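Trainee: Got a file for you: query-v9.txt, compact mmCIF, C-alpha atoms.
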```
# COMPACT_ATOMS: atom_id res chain seq x y z
CA MET A 1 -56.74 -16.89 -80.87
CA PRO A 2 -57.90 -16.48 -77.23
CA ASP A 3 -60.07 -19.22 -75.71
CA MET A 4 -62.84 -19.23 -73.08
CA ARG A 5 -60.65 -19.66 -70.00
CA ILE A 6 -61.48 -16.75 -67.72
CA PRO A 7 -59.23 -16.14 -64.71
CA ALA A 8 -61.05 -15.99 -61.37
CA SER A 9 -59.45 -12.61 -60.68
CA ILE A 10 -61.22 -11.10 -63.71
CA ALA A 11 -64.47 -13.05 -63.26
CA GLN A 12 -64.85 -11.95 -59.64
CA ASN A 13 -64.82 -8.29 -60.71
CA ILE A 14 -67.74 -8.61 -63.13
CA ARG A 15 -71.05 -7.05 -62.05
CA LEU A 16 -72.55 -5.99 -65.40
CA VAL A 17 -72.88 -8.25 -68.45
CA VAL A 18 -73.70 -6.53 -71.74
CA LEU A 19 -74.91 -8.84 -74.51
CA ASP A 20 -75.22 -7.76 -78.12
CA VAL A 21 -78.26 -9.36 -79.75
CA ASP A 22 -77.94 -9.73 -83.53
CA GLY A 23 -75.01 -12.05 -84.23
CA VAL A 24 -74.59 -12.99 -80.56
CA LEU A 25 -77.99 -14.16 -79.28
CA THR A 26 -79.02 -14.80 -82.90
CA ASP A 27 -77.08 -16.03 -85.92
CA GLY A 28 -77.41 -12.54 -87.38
CA GLY A 29 -80.08 -13.55 -89.87
CA ILE A 30 -83.35 -11.65 -90.13
CA TYR A 31 -86.48 -13.03 -91.78
CA MET A 32 -88.44 -10.08 -93.18
CA GLY A 33 -91.93 -10.23 -94.56
CA ALA A 34 -95.34 -8.64 -94.45
CA THR A 35 -98.85 -9.73 -93.59
CA ALA A 36 -101.68 -9.49 -96.12
CA SER A 37 -102.54 -6.08 -94.63
CA GLY A 38 -98.99 -4.84 -95.22
CA THR A 39 -97.79 -4.98 -91.61
CA THR A 40 -94.05 -5.67 -91.54
CA VAL A 41 -93.03 -8.89 -89.80
CA GLU A 42 -89.51 -9.61 -88.54
CA LEU A 43 -88.57 -13.04 -87.21
CA LYS A 44 -85.33 -14.24 -85.63
CA ARG A 45 -84.09 -17.52 -84.20
CA PHE A 46 -82.80 -17.45 -80.61
CA GLU A 47 -80.89 -20.40 -79.11
CA ILE A 48 -82.84 -21.65 -76.08
CA THR A 49 -79.74 -22.64 -74.09
CA ASP A 50 -78.54 -19.03 -74.15
CA GLY A 51 -81.67 -18.10 -72.22
CA LEU A 52 -80.80 -20.42 -69.35
CA GLY A 53 -77.26 -19.08 -69.34
CA ILE A 54 -78.69 -15.57 -68.95
CA LYS A 55 -80.97 -16.76 -66.14
CA MET A 56 -78.02 -18.36 -64.33
CA MET A 57 -76.02 -15.12 -64.51
CA ASP A 58 -79.04 -13.27 -63.17
CA ARG A 59 -79.36 -15.79 -60.30
CA ALA A 60 -75.72 -15.11 -59.49
CA GLY A 61 -76.64 -11.47 -58.93
CA LEU A 62 -75.11 -10.08 -62.12
CA HIS A 63 -76.86 -7.28 -64.00
CA VAL A 64 -77.49 -8.73 -67.47
CA VAL A 65 -78.65 -6.40 -70.25
CA LEU A 66 -79.29 -6.82 -73.95
CA VAL A 67 -78.06 -3.94 -76.13
CA SER A 68 -78.77 -3.80 -79.84
CA GLY A 69 -77.75 -1.33 -82.49
CA ARG A 70 -81.13 -1.48 -84.18
CA THR A 71 -84.81 -1.30 -83.36
CA SER A 72 -86.38 -4.76 -83.30
CA ALA A 73 -89.67 -6.03 -81.94
CA ALA A 74 -88.28 -9.58 -81.98
CA ASN A 75 -85.42 -8.52 -79.69
CA ARG A 76 -87.85 -6.81 -77.31
CA VAL A 77 -90.04 -9.92 -77.16
CA ARG A 78 -87.05 -12.14 -76.31
CA ALA A 79 -85.83 -9.71 -73.63
CA GLU A 80 -89.30 -9.60 -72.06
CA GLU A 81 -89.47 -13.40 -72.06
CA LEU A 82 -86.09 -13.53 -70.29
CA ASP A 83 -87.09 -10.67 -67.97
CA VAL A 84 -83.91 -8.71 -68.71
CA PRO A 85 -83.55 -5.06 -69.75
CA PHE A 86 -83.27 -4.36 -73.48
CA HIS A 87 -81.81 -1.17 -74.91
CA GLU A 88 -81.71 -0.06 -78.54
CA GLY A 89 -78.96 2.20 -79.87
CA GLN A 90 -80.07 3.58 -83.21
CA GLY A 91 -77.48 3.14 -85.93
CA GLY A 92 -75.21 1.02 -83.77
CA PHE A 93 -74.50 3.69 -81.11
CA LYS A 94 -74.14 1.67 -77.91
CA LEU A 95 -71.44 3.38 -75.84
CA GLU A 96 -73.73 6.00 -74.28
CA ILE A 97 -76.27 3.30 -73.39
CA VAL A 98 -73.66 1.19 -71.60
CA GLU A 99 -72.26 4.22 -69.75
CA ARG A 100 -75.79 5.09 -68.52
CA LEU A 101 -76.24 1.49 -67.33
CA GLN A 102 -72.91 1.64 -65.50
CA ASP A 103 -73.97 4.86 -63.76
CA LEU A 104 -77.34 3.31 -62.86
CA HIS A 105 -75.71 0.28 -61.24
CA GLY A 106 -72.58 1.99 -59.91
CA VAL A 107 -70.35 -0.17 -62.12
CA THR A 108 -66.99 0.65 -63.71
CA TRP A 109 -65.53 -0.62 -66.98
CA VAL A 110 -63.37 -3.12 -65.05
CA GLU A 111 -66.61 -4.58 -63.67
CA THR A 112 -68.22 -4.80 -67.12
CA ALA A 113 -68.19 -7.83 -69.41
CA CYS A 114 -69.52 -7.80 -72.94
CA VAL A 115 -70.14 -10.45 -75.56
CA CYS A 116 -70.02 -9.01 -79.07
CA ASP A 117 -69.48 -9.75 -82.74
CA ASP A 118 -69.26 -6.68 -85.00
CA LEU A 119 -67.73 -3.26 -85.58
CA ALA A 120 -70.48 -1.29 -83.80
CA ASP A 121 -69.44 -3.10 -80.61
CA LEU A 122 -65.80 -1.97 -80.62
CA PRO A 123 -66.29 1.24 -78.57
CA ILE A 124 -67.64 -0.81 -75.62
CA PHE A 125 -65.50 -3.85 -76.37
CA ARG A 126 -62.26 -1.87 -76.06
CA ARG A 127 -63.23 -0.52 -72.63
CA ALA A 128 -64.72 -3.63 -71.01
CA GLY A 129 -62.92 -5.46 -68.24
CA LEU A 130 -63.87 -8.71 -69.96
CA ALA A 131 -64.34 -8.52 -73.74
CA VAL A 132 -65.60 -11.76 -75.27
CA ALA A 133 -66.14 -12.39 -78.97
CA VAL A 134 -68.34 -15.08 -80.43
CA ALA A 135 -66.56 -17.54 -82.74
CA ASN A 136 -67.95 -15.95 -85.91
CA ALA A 137 -67.17 -12.33 -84.93
CA VAL A 138 -65.53 -10.06 -87.49
CA PRO A 139 -61.70 -10.09 -87.54
CA GLU A 140 -61.43 -6.67 -85.88
CA VAL A 141 -63.43 -7.86 -82.85
CA LEU A 142 -61.61 -11.21 -82.69
CA ALA A 143 -58.27 -9.37 -82.70
CA GLU A 144 -59.20 -7.37 -79.57
CA ALA A 145 -61.00 -10.13 -77.64
CA TYR A 146 -59.80 -11.31 -74.26
CA ALA A 147 -61.67 -14.57 -74.87
CA VAL A 148 -63.48 -16.19 -77.81
CA THR A 149 -66.32 -18.70 -77.60
CA SER A 150 -65.99 -21.94 -79.54
CA ARG A 151 -69.64 -21.58 -80.60
CA PRO A 152 -70.88 -19.00 -83.08
CA GLY A 153 -73.54 -16.44 -82.26
CA GLY A 154 -77.05 -17.86 -82.11
CA GLN A 155 -75.73 -21.35 -81.43
CA GLY A 156 -75.08 -21.36 -77.71
CA ALA A 157 -72.21 -18.85 -77.51
CA VAL A 158 -73.86 -16.94 -74.66
CA ARG A 159 -74.47 -20.15 -72.71
CA GLU A 160 -70.82 -21.09 -73.18
CA PHE A 161 -69.76 -17.66 -71.91
CA ALA A 162 -72.17 -17.76 -68.94
CA GLU A 163 -70.92 -21.15 -67.84
CA ALA A 164 -67.25 -20.16 -68.21
CA LEU A 165 -67.80 -16.93 -66.24
CA LEU A 166 -69.77 -18.60 -63.46
CA ARG A 167 -67.30 -21.50 -63.20
CA ALA A 168 -64.44 -19.01 -62.91
CA ARG A 169 -66.38 -17.28 -60.11
CA GLY A 170 -66.88 -20.65 -58.38
CA GLU A 171 -70.68 -20.37 -58.62
CA TRP A 172 -71.72 -22.70 -61.45
CA ALA A 173 -72.09 -25.96 -59.51
CA ALA A 174 -74.22 -24.42 -56.74
CA LEU A 175 -76.41 -22.61 -59.28
CA VAL A 176 -76.99 -25.83 -61.22
CA ALA A 177 -77.76 -27.78 -58.03
CA ALA A 178 -80.31 -25.16 -56.92
CA TYR A 179 -81.87 -25.02 -60.38
CA VAL A 180 -82.29 -28.79 -60.56
CA LEU A 181 -83.57 -29.05 -56.98
CA GLU A 182 -86.32 -26.52 -57.77
CA ARG A 183 -87.50 -28.79 -60.58
CA ASP A 184 -87.45 -32.05 -58.63
CA PRO A 185 -90.23 -31.96 -56.01
CA THR A 186 -89.48 -35.56 -54.97
CA ARG A 187 -85.90 -34.66 -54.13
CA LYS A 188 -87.05 -31.57 -52.20
CA LYS A 189 -89.24 -33.70 -49.94
CA ALA A 190 -86.47 -36.23 -49.40
CA VAL A 191 -83.99 -33.49 -48.50
CA SER A 192 -86.39 -31.76 -46.12
CA ARG A 193 -87.06 -34.87 -44.01
CA PRO A 194 -85.37 -34.95 -40.59
```
Let me see the file written as structure tokens.

Mentor:
Amino acid sequence: MPDMRIPASIAQNIRLVVLDVDGVLTDGGIYMGATASGTTVELKRFEITDGLGIKMMDRAGLHVVLVSGRTSAANRVRAEELDVPFHEGQGGFKLEIVERLQDLHGVTWVETACVCDDLADLPIFRRAGLAVAVANAVPEVLAEAYAVTSRPGGQGAVREFAEALLRARGEWAALVAAYVLERDPTRKKAVSRP
């Protein structure tokens, strides 16, 4: 089974990162219910560390997008919180969405990475320059993955991918240093003194 080592030559090409949502940013579970008035309620659990991984890829200048095969208010809320684009492909149709995003950003398949887990992802997975499966992906996706996270979807797999990609690009350490410096006003003052 492939691991998460990403060669610098592949990592340097990446400009667009496509993330599936259900089963990648979540564990794939959906809590369904209804309010007393009958309004449907859908809840999902998102791993918080994945969010910072997404933010770090964004800081590195990568176009990060969430693409789901189903309509979900919970997915939209998480995308808005992360300030990343979210696209829904009814019935699992994602290829046309990704091709439109590539056209929008002037990106080729070689410059596209995706992190996926299920059969609906295979049309984009097979074309991507960097196809990454989460540890609990279905066998068909695992068999075609360039790399596989050690963590399952919804449990930090996207953070693991983000760190591996940014390390391979030689950007992780500087991104972390800048992130920490922004959150340490005492250190900022000490650094800015003559």

Trainee: Give the answer as one residue: which of A:Asp103, A:Asp83, A:Asp117, A:Glu42 has the shortest atom-to-atom distance to Ala157 in chain A, using all atoms listed in the file?

Mentor: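 Smallest distance to Ala157 in chain A is found for A:Asp117.
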
Trainee: Between CA of Gly129 in chain A and CA of Glu99 in chain A, what is the distance in Å, rounded to a tenth?

Mentor: 13.5 Å

Trainee: So the first atom is CA of Glu160 in chain A and the second is CA of Gln102 in chain A; what is the distance between them in Å, to one decimal place?

Mentor: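 Distance between the two atoms: 24.1 Å.
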
Trainee: Give me the residues within 9 Å of Val67 in chain A as a PyMOL selection string, counting only C-alpha atoms and dropping any in the same chain fewer than 5 places off.

Mentor: chain A and resi 18-21+85-89+94+97-98

Trainee: With only C-alpha atoms as the basis for distance, which of A:Met57, A:Ile124, A:Leu82, A:Leu16 is at the shortest distance from Glu171 in chain A?

Mentor: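 Counting only C-alpha atoms, the residue closest to Glu171 in chain A is A:Met57.
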
Trainee: Give me, as a list of chain:residue names, all polymer residues having an atom no more than 9 Å from Leu130 in chain A, counting all atoms listed in the file and skipping those fewer than 6 positions away in the same chain.

Mentor: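 Everything that qualifies: A:Ile6, A:Ile10, A:Ala11, A:Ile14, A:Trp109, A:Val110, A:Glu111, A:Thr112, A:Ala113, A:Cys114, A:Val115, A:Ala145, A:Tyr146, A:Ala147.
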
Trainee: Tell me which of A:Val24, A:Ala168, A:Val65, A:Arg59 sits closest to Asp121 in chain A, counting only C-alpha atoms.

Mentor: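 Of all the options, A:Val24 lies closest to Asp121 in chain A.
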
Trainee: Calculate how many Å separate CA of Glu182 in chain A from CA of Met4 in chain A, rounding to one decimal.

Mentor: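 Going from CA of Glu182 in chain A over to CA of Met4 in chain A covers 29.0 Å.
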